[in-house]
Every structure is written in structure tokens, then in C-alpha cells.
Amino acid sequence: MSSPNAERPSLSVVIPMYNEVDNVEPMVARVHRGLADYPGVWELICVDDGSRDGTGGRLRQVAERYGGHVRVVGLRRNFGQTAAMQAGFDAARGELIATLDGDLQNDPADVPRMVEELLERDLDLLQGWRRRRQDALVLRKIPSKIANKLIGKVTGVALHDYGCSLKVYRGEVIREVTLLGEMHRFIPVWVAGVTEPSRIGETEVGHQARQFGKSKYGISRTFRVLLDLLAAFFFLRFGSRPGHFFGSIGILFGVIGALMMAHLLVVKFWLGANIGGRPLLFVSILFLVASVQFLTTGVLAELLTRTFYASGERTHHRIRWQTDPASAQWKSPA
């Protein structure tokens, strides 16, 4: 994948874009300025996530003007940022992969420094930290701080800024992670599932106010983060052994139901009391039935998991068109 003459590992820069037509040309130009002194070969992969404002067409025009190292992947419809990032990772050829947003708020000039820091610190993922974030306080900053603390508390991967798209990965590591749903918010958590959390670091990066276009995020994102956090917690702890999760609940319910039923049997046969109309009888039956349901659900989940891992890999997104991979080139150091 890398050039034998490169002084640094080959680098793929992945940028997902959705309805960012006014940001296309300045973004591509800024990436070229930021990586002008990168001492290795690199490529730029822009993913059009089903834009309706002409972003895809503008990307193709710009790619033709800059050359074969600028590649474009267009999705058939708007699949979301997670799917767009996965499409970019699938197309990337670099030993290292950097990601950033297409809204000009991240500074591509931070990427070479982050690459050096990742190599010096021997990390698998270096996460950007927008310490001086240029966003609205109530709608963006406060919900983000709450979400970051909550994610760190639940997952054990403590970072200041999970939402920053400016990241640098080792390609061999991020390619082991398959992104689905809205998993892009929890990429460091999923990466921690395939490497040591100690190999995940963060560094301060620049952040600028949006100049063109409209933000795709709002306060409603906070509620989605909570749901995604529950899913992340489940898959990290029990993704390969869901039977332990459901089975533990089933056993707990079964023990509670059995103790209740044992108490009622003592009352019935030892004390000779009538238990037919007692609410405790119905509650104990409910616990026993729920126990059986959770146990059988755990068995079915184990079967599905084993089937999933035994089957071939499939992706959530569908590509409509992309730059011919056979004509892809590297941008050599100046």
C-alpha cells in the first residue's frame, strides 16, 4: 500500500460531505495547502453522501482539475455520516487514515502534526480535541460536554471531545472496525474493542466557525447519543457473547421466581393456607416465564452471533459511482 520511497507512511485523507457545495473547492484547496510539506505520499478521498445541492458534481469537477490523487465516492442516497466514513475507509489505500469534516471547521494543517504525534507516541488512534470550539454554547457545547463525560464514564475510554471528526488512525486498526448506524460518534470506543485503550490518545486541534452551508446537528442529537451509548455498551461488553447478557437476566429472574414459589409452597403445605388468590403467586409465575424468555433469547442471540461471524462481510451503504480505483494516484512530497 505504501511507496518504498516515502519518508513517512502513506496517508489517506477521508472527508464525508453532505450538501456542502460551497465548501468543496475551498476544502480541497485547504487540504492541499495543509499537506504541502507532508514527507510522504498521500491521497484525498471525498465521499458525497447523497447530496442534493450539486456537491457530487462539484467534487468530480475539482477532482479532475487536481489529478488522480483526489478521488470521489458517491453514495446512492443519504446514508448518514457513519456510512459515508465507512465508504471512505473501504476506498482508502494508506497505511494511515485521517478524517475531518467537510464544513471547513477542522483545519487540515493539523493533520501532518497529528501524524508525527501518532508515530512518536506509538498510538493506533489520535483524536482531535477542539478545546476552543467555535460553536453555539447551548445547542452544541453544553450537550457535547455532557455526552463526552457520560461516554467516558460508561465505556472507560475517557476523552474530552468524542465529536471531533479530526482523527488519525492506523489503517490496519480502523479496517478491523465495521461502522454501522450512528457509530461514528463512538469510533474511539469501537477502536478500543480491537486495540488497547492506552493506544488511543488525543491532542488539541484548531476549530473555526462555519462559513458556508448549514449545520446538520441540533439539540436532538443528545437523545440519539444516549441510545447509541446503550448500544455501544452492549456490543463492547457482550457483542460476541450476548447469551451471557440475556442469560444473566434470565437466571436472576428465575432465582427470584423460584424463591417466591418456594415461599408459597411452604405457606401452602406447611401452614395449610390458601395461596390461590395471592398476588405473589402471579408475580412469581411472571418472573419464571420471563426467566424462560430471557434464557431462550440468549440462546437465539448466540446462534445469530455465530451465524453473523461465519457469514461474509456486508456493508450498510451502497455506492452509485466512484473515481476509477485503477487510475488512483498518490500525491508525492513537494
# chains A, B, ... in the order shown; residues from 1 in each chain; ligands from 1
>>> residues_around(residues="Asp90 in chain A", least_positions_apart="5", cutoff="10 Å", atoms="only C-alpha atoms", output="list in words")
Ala84, Met85, Arg175, Thr178 and Thr315 of chain A
>>> write_last_selection(atoms="N, CA and C atoms", output="mmCIF file, in the first residue's frame")
data_model
loop_
_atom_site.group_PDB
_atom_site.id
_atom_site.type_symbol
_atom_site.label_atom_id
_atom_site.label_comp_id
_atom_site.auth_asym_id
_atom_site.auth_seq_id
_atom_site.Cartn_x
_atom_site.Cartn_y
_atom_site.Cartn_z
ATOM 1 N N ALA A 84 -20.955 7.035 5.268
ATOM 2 C CA ALA A 84 -20.041 7.762 4.387
ATOM 3 C C ALA A 84 -18.589 7.560 4.817
ATOM 4 N N MET A 85 -18.344 7.575 6.118
ATOM 5 C CA MET A 85 -16.985 7.338 6.603
ATOM 6 C C MET A 85 -16.545 5.913 6.302
ATOM 7 N N ARG A 175 -9.492 -0.609 9.884
ATOM 8 C CA ARG A 175 -10.105 -1.532 8.928
ATOM 9 C C ARG A 175 -10.690 -2.758 9.617
ATOM 10 N N THR A 178 -16.045 -2.281 11.685
ATOM 11 C CA THR A 178 -17.100 -2.059 10.701
ATOM 12 C C THR A 178 -18.113 -1.093 11.298
ATOM 13 N N THR A 315 -21.761 -4.430 3.832
ATOM 14 C CA THR A 315 -21.747 -3.037 4.259
ATOM 15 C C THR A 315 -23.145 -2.453 4.200
#
>>> residues_around(residues="range 96-103 of chain A", least_positions_apart="4", cutoff="6 Å", atoms="only C-alpha atoms", output="VMD selection string")
chain A and resid 11 to 15 17 165 to 171
>>> residues_around(residues="range 181-197 of chain A", least_positions_apart="6", cutoff="7 Å", atoms="only C-alpha atoms", output="PyMOL selection string")
chain A and resi 82+155+157+162-163+174+236
>>> write_last_selection(atoms="N, CA, C and O atoms", output="PDB file, in the first residue's frame")
ATOM      1  N   THR A  82     -21.921   8.043   9.279  1.00  0.00           N
ATOM      2  CA  THR A  82     -21.228   6.794   9.594  1.00  0.00           C
ATOM      3  C   THR A  82     -20.977   5.968   8.344  1.00  0.00           C
ATOM      4  O   THR A  82     -19.864   5.492   8.104  1.00  0.00           O
ATOM      5  N   THR A 155     -18.024   3.822  29.142  1.00  0.00           N
ATOM      6  CA  THR A 155     -17.161   2.961  28.334  1.00  0.00           C
ATOM      7  C   THR A 155     -15.761   2.793  28.900  1.00  0.00           C
ATOM      8  O   THR A 155     -15.058   1.846  28.546  1.00  0.00           O
ATOM      9  N   VAL A 157     -13.318   4.779  28.212  1.00  0.00           N
ATOM     10  CA  VAL A 157     -12.392   5.459  27.303  1.00  0.00           C
ATOM     11  C   VAL A 157     -12.628   6.957  27.469  1.00  0.00           C
ATOM     12  O   VAL A 157     -13.522   7.529  26.848  1.00  0.00           O
ATOM     13  N   TYR A 162     -15.311  13.547  21.926  1.00  0.00           N
ATOM     14  CA  TYR A 162     -15.657  12.426  21.053  1.00  0.00           C
ATOM     15  C   TYR A 162     -16.189  12.901  19.706  1.00  0.00           C
ATOM     16  O   TYR A 162     -16.058  12.217  18.691  1.00  0.00           O
ATOM     17  N   GLY A 163     -16.825  14.072  19.690  1.00  0.00           N
ATOM     18  CA  GLY A 163     -17.499  14.529  18.488  1.00  0.00           C
ATOM     19  C   GLY A 163     -16.593  15.116  17.431  1.00  0.00           C
ATOM     20  O   GLY A 163     -17.049  15.402  16.319  1.00  0.00           O
ATOM     21  N   ILE A 174      -8.235   0.557  12.004  1.00  0.00           N
ATOM     22  CA  ILE A 174      -9.583   1.030  11.707  1.00  0.00           C
ATOM     23  C   ILE A 174     -10.269   0.115  10.693  1.00  0.00           C
ATOM     24  O   ILE A 174     -11.501   0.027  10.674  1.00  0.00           O
ATOM     25  N   LEU A 236     -19.863  -3.720  23.120  1.00  0.00           N
ATOM     26  CA  LEU A 236     -18.497  -3.829  23.615  1.00  0.00           C
ATOM     27  C   LEU A 236     -18.372  -4.913  24.673  1.00  0.00           C
ATOM     28  O   LEU A 236     -17.396  -5.653  24.713  1.00  0.00           O
TER      29      LEU A 236
END
>>> residues_around(residues="range 278-291 of chain A", least_positions_apart="6", cutoff="10 Å", atoms="only C-alpha atoms", output="ChimeraX atom specification")
/A:246-265,297
>>> write_last_selection(atoms="all heavy atoms", output="short mmCIF file (atom, residue, chain, number, x, y, z; two decimals), in the first residue's frame")
data_model
loop_
_atom_site.label_atom_id
_atom_site.label_comp_id
_atom_site.auth_asym_id
_atom_site.auth_seq_id
_atom_site.Cartn_x
_atom_site.Cartn_y
_atom_site.Cartn_z
N PHE A 246 -28.29 -11.83 28.24
CA PHE A 246 -29.68 -12.26 28.42
C PHE A 246 -29.78 -13.41 29.42
O PHE A 246 -30.74 -13.49 30.20
CB PHE A 246 -30.27 -12.68 27.07
CG PHE A 246 -30.42 -11.55 26.11
CD1 PHE A 246 -29.56 -11.42 25.03
CD2 PHE A 246 -31.41 -10.60 26.27
CE1 PHE A 246 -29.68 -10.37 24.14
CE2 PHE A 246 -31.55 -9.54 25.38
CZ PHE A 246 -30.67 -9.43 24.31
N GLY A 247 -28.77 -14.30 29.41
CA GLY A 247 -28.80 -15.42 30.33
C GLY A 247 -28.68 -14.98 31.78
O GLY A 247 -29.33 -15.56 32.66
N SER A 248 -27.86 -13.95 32.04
CA SER A 248 -27.71 -13.46 33.42
C SER A 248 -29.03 -12.90 33.94
O SER A 248 -29.43 -13.16 35.08
CB SER A 248 -26.63 -12.37 33.48
OG SER A 248 -25.37 -12.89 33.08
N ILE A 249 -29.73 -12.15 33.08
CA ILE A 249 -31.03 -11.62 33.49
C ILE A 249 -32.02 -12.76 33.70
O ILE A 249 -32.80 -12.78 34.67
CB ILE A 249 -31.57 -10.63 32.44
CG1 ILE A 249 -30.61 -9.44 32.30
CG2 ILE A 249 -32.97 -10.14 32.82
CD1 ILE A 249 -31.01 -8.47 31.22
N GLY A 250 -32.00 -13.77 32.79
CA GLY A 250 -32.91 -14.90 32.91
C GLY A 250 -32.67 -15.69 34.19
O GLY A 250 -33.63 -16.09 34.87
N ILE A 251 -31.40 -15.91 34.52
CA ILE A 251 -31.09 -16.65 35.76
C ILE A 251 -31.53 -15.87 36.98
O ILE A 251 -32.09 -16.43 37.94
CB ILE A 251 -29.59 -16.97 35.82
CG1 ILE A 251 -29.23 -17.99 34.73
CG2 ILE A 251 -29.20 -17.49 37.20
CD1 ILE A 251 -27.74 -18.26 34.62
N LEU A 252 -31.29 -14.52 36.96
CA LEU A 252 -31.70 -13.69 38.09
C LEU A 252 -33.21 -13.76 38.29
O LEU A 252 -33.70 -13.96 39.42
CB LEU A 252 -31.25 -12.25 37.86
CG LEU A 252 -31.69 -11.23 38.93
CD1 LEU A 252 -31.08 -11.58 40.28
CD2 LEU A 252 -31.30 -9.81 38.50
N PHE A 253 -33.96 -13.59 37.20
CA PHE A 253 -35.42 -13.65 37.29
C PHE A 253 -35.87 -15.04 37.74
O PHE A 253 -36.83 -15.19 38.51
CB PHE A 253 -36.05 -13.31 35.94
CG PHE A 253 -36.12 -11.83 35.67
CD1 PHE A 253 -35.38 -10.93 36.40
CD2 PHE A 253 -36.93 -11.35 34.65
CE1 PHE A 253 -35.43 -9.58 36.14
CE2 PHE A 253 -37.00 -9.99 34.38
CZ PHE A 253 -36.25 -9.10 35.14
N GLY A 254 -35.19 -16.09 37.25
CA GLY A 254 -35.55 -17.44 37.63
C GLY A 254 -35.33 -17.69 39.11
O GLY A 254 -36.17 -18.34 39.77
N VAL A 255 -34.22 -17.20 39.66
CA VAL A 255 -33.94 -17.37 41.09
C VAL A 255 -34.99 -16.64 41.93
O VAL A 255 -35.51 -17.18 42.92
CB VAL A 255 -32.52 -16.86 41.43
CG1 VAL A 255 -32.32 -16.79 42.94
CG2 VAL A 255 -31.48 -17.77 40.80
N ILE A 256 -35.32 -15.39 41.51
CA ILE A 256 -36.33 -14.63 42.26
C ILE A 256 -37.67 -15.34 42.21
O ILE A 256 -38.36 -15.50 43.24
CB ILE A 256 -36.45 -13.20 41.68
CG1 ILE A 256 -35.16 -12.42 41.91
CG2 ILE A 256 -37.63 -12.47 42.32
CD1 ILE A 256 -35.14 -11.05 41.24
N GLY A 257 -38.06 -15.81 41.01
CA GLY A 257 -39.33 -16.51 40.88
C GLY A 257 -39.35 -17.81 41.68
O GLY A 257 -40.37 -18.16 42.30
N ALA A 258 -38.22 -18.53 41.67
CA ALA A 258 -38.16 -19.80 42.40
C ALA A 258 -38.25 -19.57 43.90
O ALA A 258 -38.92 -20.35 44.61
CB ALA A 258 -36.85 -20.52 42.05
N LEU A 259 -37.60 -18.52 44.42
CA LEU A 259 -37.68 -18.22 45.85
C LEU A 259 -39.11 -17.85 46.25
O LEU A 259 -39.60 -18.28 47.31
CB LEU A 259 -36.71 -17.07 46.19
CG LEU A 259 -35.22 -17.42 46.12
CD1 LEU A 259 -34.38 -16.17 46.36
CD2 LEU A 259 -34.87 -18.51 47.14
N MET A 260 -39.77 -17.06 45.41
CA MET A 260 -41.17 -16.71 45.69
C MET A 260 -42.04 -17.96 45.70
O MET A 260 -42.90 -18.15 46.59
CB MET A 260 -41.68 -15.73 44.63
CG MET A 260 -41.08 -14.35 44.70
SD MET A 260 -41.76 -13.28 43.40
CE MET A 260 -40.93 -11.73 43.75
N MET A 261 -41.83 -18.82 44.71
CA MET A 261 -42.64 -20.03 44.63
C MET A 261 -42.36 -20.97 45.80
O MET A 261 -43.28 -21.61 46.34
CB MET A 261 -42.35 -20.75 43.30
CG MET A 261 -43.36 -21.83 42.97
SD MET A 261 -45.06 -21.20 42.73
CE MET A 261 -44.88 -20.35 41.15
N ALA A 262 -41.09 -21.04 46.23
CA ALA A 262 -40.74 -21.88 47.38
C ALA A 262 -41.44 -21.37 48.64
O ALA A 262 -41.95 -22.16 49.46
CB ALA A 262 -39.23 -21.89 47.57
N HIS A 263 -41.48 -20.04 48.79
CA HIS A 263 -42.18 -19.45 49.94
C HIS A 263 -43.66 -19.82 49.91
O HIS A 263 -44.25 -20.19 50.95
CB HIS A 263 -42.00 -17.94 49.92
CG HIS A 263 -42.88 -17.22 50.90
ND1 HIS A 263 -42.67 -17.24 52.27
CD2 HIS A 263 -44.02 -16.47 50.71
CE1 HIS A 263 -43.59 -16.54 52.88
NE2 HIS A 263 -44.43 -16.06 51.95
N LEU A 264 -44.26 -19.74 48.75
CA LEU A 264 -45.68 -20.07 48.63
C LEU A 264 -45.95 -21.55 48.90
O LEU A 264 -46.99 -21.92 49.48
CB LEU A 264 -46.18 -19.68 47.23
CG LEU A 264 -46.23 -18.18 46.94
CD1 LEU A 264 -46.60 -17.93 45.48
CD2 LEU A 264 -47.25 -17.49 47.85
N LEU A 265 -45.02 -22.41 48.48
CA LEU A 265 -45.18 -23.84 48.76
C LEU A 265 -45.14 -24.13 50.25
O LEU A 265 -45.91 -24.97 50.77
CB LEU A 265 -44.09 -24.64 48.03
CG LEU A 265 -44.22 -24.71 46.50
CD1 LEU A 265 -43.01 -25.40 45.89
CD2 LEU A 265 -45.50 -25.44 46.11
N THR A 297 -33.99 -16.29 24.59
CA THR A 297 -33.49 -15.17 23.79
C THR A 297 -31.96 -15.19 23.74
O THR A 297 -31.35 -14.92 22.70
CB THR A 297 -33.97 -13.82 24.37
OG1 THR A 297 -35.39 -13.78 24.35
CG2 THR A 297 -33.41 -12.65 23.56
#
>>> atom_distance(atom1="CA of Arg30 in chain A", atom2="CA of Ala92 in chain A")
19.7 Å
>>> residues_around(residues="Gly206 in chain A", least_positions_apart="2", cutoff="9 Å", atoms="only C-alpha atoms", output="PDB file with C-alpha atoms, in the first residue's frame")
ATOM      1  CA  GLN A 105     -14.325  23.950  10.687  1.00  0.00           C
ATOM      2  CA  ASN A 106     -11.440  21.472  11.011  1.00  0.00           C
ATOM      3  CA  ASP A 107      -8.004  22.645   9.861  1.00  0.00           C
ATOM      4  CA  ASP A 110      -3.249  19.903  11.848  1.00  0.00           C
ATOM      5  CA  GLY A 128      -8.618  15.756  17.968  1.00  0.00           C
ATOM      6  CA  TRP A 129      -9.733  17.938  20.872  1.00  0.00           C
ATOM      7  CA  ARG A 130     -11.475  21.208  19.961  1.00  0.00           C
ATOM      8  CA  ARG A 131     -10.569  22.951  23.194  1.00  0.00           C
ATOM      9  CA  ARG A 132     -11.544  26.370  21.827  1.00  0.00           C
ATOM     10  CA  ARG A 133     -14.619  25.242  19.973  1.00  0.00           C
ATOM     11  CA  GLU A 204      -5.569  19.846  20.803  1.00  0.00           C
ATOM     12  CA  GLN A 208     -13.154  27.575  13.129  1.00  0.00           C
TER      13      GLN A 208
END
>>> select_by_dssp(residues="range 64-264 of chain A", states="strand (DSSP E)", output="PDB file with N, CA and C atoms, in the first residue's frame")
ATOM      1  N   VAL A  70      -6.862  12.838  -6.052  1.00  0.00           N
ATOM      2  CA  VAL A  70      -8.137  13.260  -5.467  1.00  0.00           C
ATOM      3  C   VAL A  70      -9.216  12.327  -6.009  1.00  0.00           C
ATOM      4  N   ARG A  71      -9.815  11.567  -5.139  1.00  0.00           N
ATOM      5  CA  ARG A  71     -10.787  10.562  -5.527  1.00  0.00           C
ATOM      6  C   ARG A  71     -12.146  10.893  -4.928  1.00  0.00           C
ATOM      7  N   VAL A  72     -13.194  10.508  -5.644  1.00  0.00           N
ATOM      8  CA  VAL A  72     -14.556  10.819  -5.216  1.00  0.00           C
ATOM      9  C   VAL A  72     -15.367   9.536  -5.163  1.00  0.00           C
ATOM     10  N   VAL A  73     -16.101   9.367  -4.066  1.00  0.00           N
ATOM     11  CA  VAL A  73     -17.029   8.243  -3.919  1.00  0.00           C
ATOM     12  C   VAL A  73     -18.413   8.836  -3.692  1.00  0.00           C
ATOM     13  N   GLY A  74     -19.364   8.483  -4.539  1.00  0.00           N
ATOM     14  CA  GLY A  74     -20.722   8.998  -4.412  1.00  0.00           C
ATOM     15  C   GLY A  74     -21.690   7.906  -3.992  1.00  0.00           C
ATOM     16  N   LEU A  75     -22.417   8.120  -2.919  1.00  0.00           N
ATOM     17  CA  LEU A  75     -23.393   7.140  -2.450  1.00  0.00           C
ATOM     18  C   LEU A  75     -24.742   7.358  -3.138  1.00  0.00           C
ATOM     19  N   LEU A  96      -1.862   5.058   6.946  1.00  0.00           N
ATOM     20  CA  LEU A  96      -2.525   5.906   7.918  1.00  0.00           C
ATOM     21  C   LEU A  96      -3.750   6.520   7.255  1.00  0.00           C
ATOM     22  N   ILE A  97      -4.803   6.747   8.054  1.00  0.00           N
ATOM     23  CA  ILE A  97      -6.026   7.364   7.532  1.00  0.00           C
ATOM     24  C   ILE A  97      -6.399   8.524   8.443  1.00  0.00           C
ATOM     25  N   ALA A  98      -6.627   9.681   7.847  1.00  0.00           N
ATOM     26  CA  ALA A  98      -7.072  10.856   8.591  1.00  0.00           C
ATOM     27  C   ALA A  98      -8.482  11.204   8.149  1.00  0.00           C
ATOM     28  N   THR A  99      -9.325  11.628   9.083  1.00  0.00           N
ATOM     29  CA  THR A  99     -10.682  12.052   8.755  1.00  0.00           C
ATOM     30  C   THR A  99     -10.915  13.463   9.276  1.00  0.00           C
ATOM     31  N   LEU A 125      -4.761   5.377  17.379  1.00  0.00           N
ATOM     32  CA  LEU A 125      -5.741   6.420  17.067  1.00  0.00           C
ATOM     33  C   LEU A 125      -5.383   7.673  17.845  1.00  0.00           C
ATOM     34  N   LEU A 126      -5.326   8.791  17.144  1.00  0.00           N
ATOM     35  CA  LEU A 126      -5.117  10.086  17.789  1.00  0.00           C
ATOM     36  C   LEU A 126      -6.356  10.935  17.513  1.00  0.00           C
ATOM     37  N   GLN A 127      -7.070  11.270  18.567  1.00  0.00           N
ATOM     38  CA  GLN A 127      -8.327  12.001  18.492  1.00  0.00           C
ATOM     39  C   GLN A 127      -8.081  13.493  18.659  1.00  0.00           C
ATOM     40  N   GLY A 128      -8.709  14.307  17.823  1.00  0.00           N
ATOM     41  CA  GLY A 128      -8.618  15.756  17.968  1.00  0.00           C
ATOM     42  C   GLY A 128      -9.476  16.252  19.115  1.00  0.00           C
ATOM     43  N   TRP A 129      -9.011  17.323  19.754  1.00  0.00           N
ATOM     44  CA  TRP A 129      -9.733  17.938  20.872  1.00  0.00           C
ATOM     45  C   TRP A 129      -9.915  19.418  20.554  1.00  0.00           C
ATOM     46  N   LYS A 167      -9.370  13.097  13.128  1.00  0.00           N
ATOM     47  CA  LYS A 167      -8.712  11.963  13.754  1.00  0.00           C
ATOM     48  C   LYS A 167      -7.668  11.406  12.793  1.00  0.00           C
ATOM     49  N   VAL A 168      -6.667  10.730  13.349  1.00  0.00           N
ATOM     50  CA  VAL A 168      -5.689   9.998  12.548  1.00  0.00           C
ATOM     51  C   VAL A 168      -5.632   8.568  13.081  1.00  0.00           C
ATOM     52  N   TYR A 169      -5.770   7.599  12.179  1.00  0.00           N
ATOM     53  CA  TYR A 169      -5.796   6.190  12.549  1.00  0.00           C
ATOM     54  C   TYR A 169      -4.661   5.442  11.855  1.00  0.00           C
ATOM     55  N   ARG A 170      -4.279   4.332  12.440  1.00  0.00           N
ATOM     56  CA  ARG A 170      -3.504   3.347  11.693  1.00  0.00           C
ATOM     57  C   ARG A 170      -4.506   2.553  10.863  1.00  0.00           C
ATOM     58  N   ILE A 200      -4.865   4.793  22.446  1.00  0.00           N
ATOM     59  CA  ILE A 200      -5.761   5.833  21.948  1.00  0.00           C
ATOM     60  C   ILE A 200      -5.431   7.118  22.689  1.00  0.00           C
ATOM     61  N   GLY A 201      -5.086   8.159  21.965  1.00  0.00           N
ATOM     62  CA  GLY A 201      -4.717   9.423  22.589  1.00  0.00           C
ATOM     63  C   GLY A 201      -5.483  10.574  21.983  1.00  0.00           C
ATOM     64  N   GLU A 202      -5.269  11.759  22.521  1.00  0.00           N
ATOM     65  CA  GLU A 202      -5.909  12.960  21.983  1.00  0.00           C
ATOM     66  C   GLU A 202      -4.929  14.116  22.006  1.00  0.00           C
ATOM     67  N   THR A 203      -5.199  15.091  21.181  1.00  0.00           N
ATOM     68  CA  THR A 203      -4.356  16.271  21.080  1.00  0.00           C
ATOM     69  C   THR A 203      -5.210  17.465  20.699  1.00  0.00           C
ATOM     70  N   GLU A 204      -4.812  18.638  21.125  1.00  0.00           N
ATOM     71  CA  GLU A 204      -5.569  19.846  20.803  1.00  0.00           C
ATOM     72  C   GLU A 204      -5.440  20.186  19.324  1.00  0.00           C
TER      73      GLU A 204
END
>>> select_by_dssp(residues="range 37-200 of chain A", states="helix (DSSP H, G or I)", output="PyMOL selection string")
chain A and resi 55-66+81-91+110-120+137-155+171-174+183-191+197-199
>>> closest_residue(among="A:Gly56, A:Pro112, A:Gly94, A:Pro333", to="Pro16 in chain A", atoms="only C-alpha atoms")
A:Gly56
>>> atom_distance(atom1="CA of Leu35 in chain A", atom2="CA of Arg121 in chain A")
20.8 Å
>>> closest_residue(among="A:Trp330, A:Ala36, A:Phe269, A:Asp228", to="Val111 in chain A", atoms="only C-alpha atoms")
A:Ala36
>>> atom_distance(atom1="CA of Ile319 in chain A", atom2="CA of Asp48 in chain A")
9.8 Å
>>> residues_around(residues="Val21 in chain A", least_positions_apart="5", cutoff="12 Å", atoms="only C-alpha atoms", output="VMD selection string")
chain A and resid 26 to 28 48 to 49 51 to 62 102 to 104 212 to 214
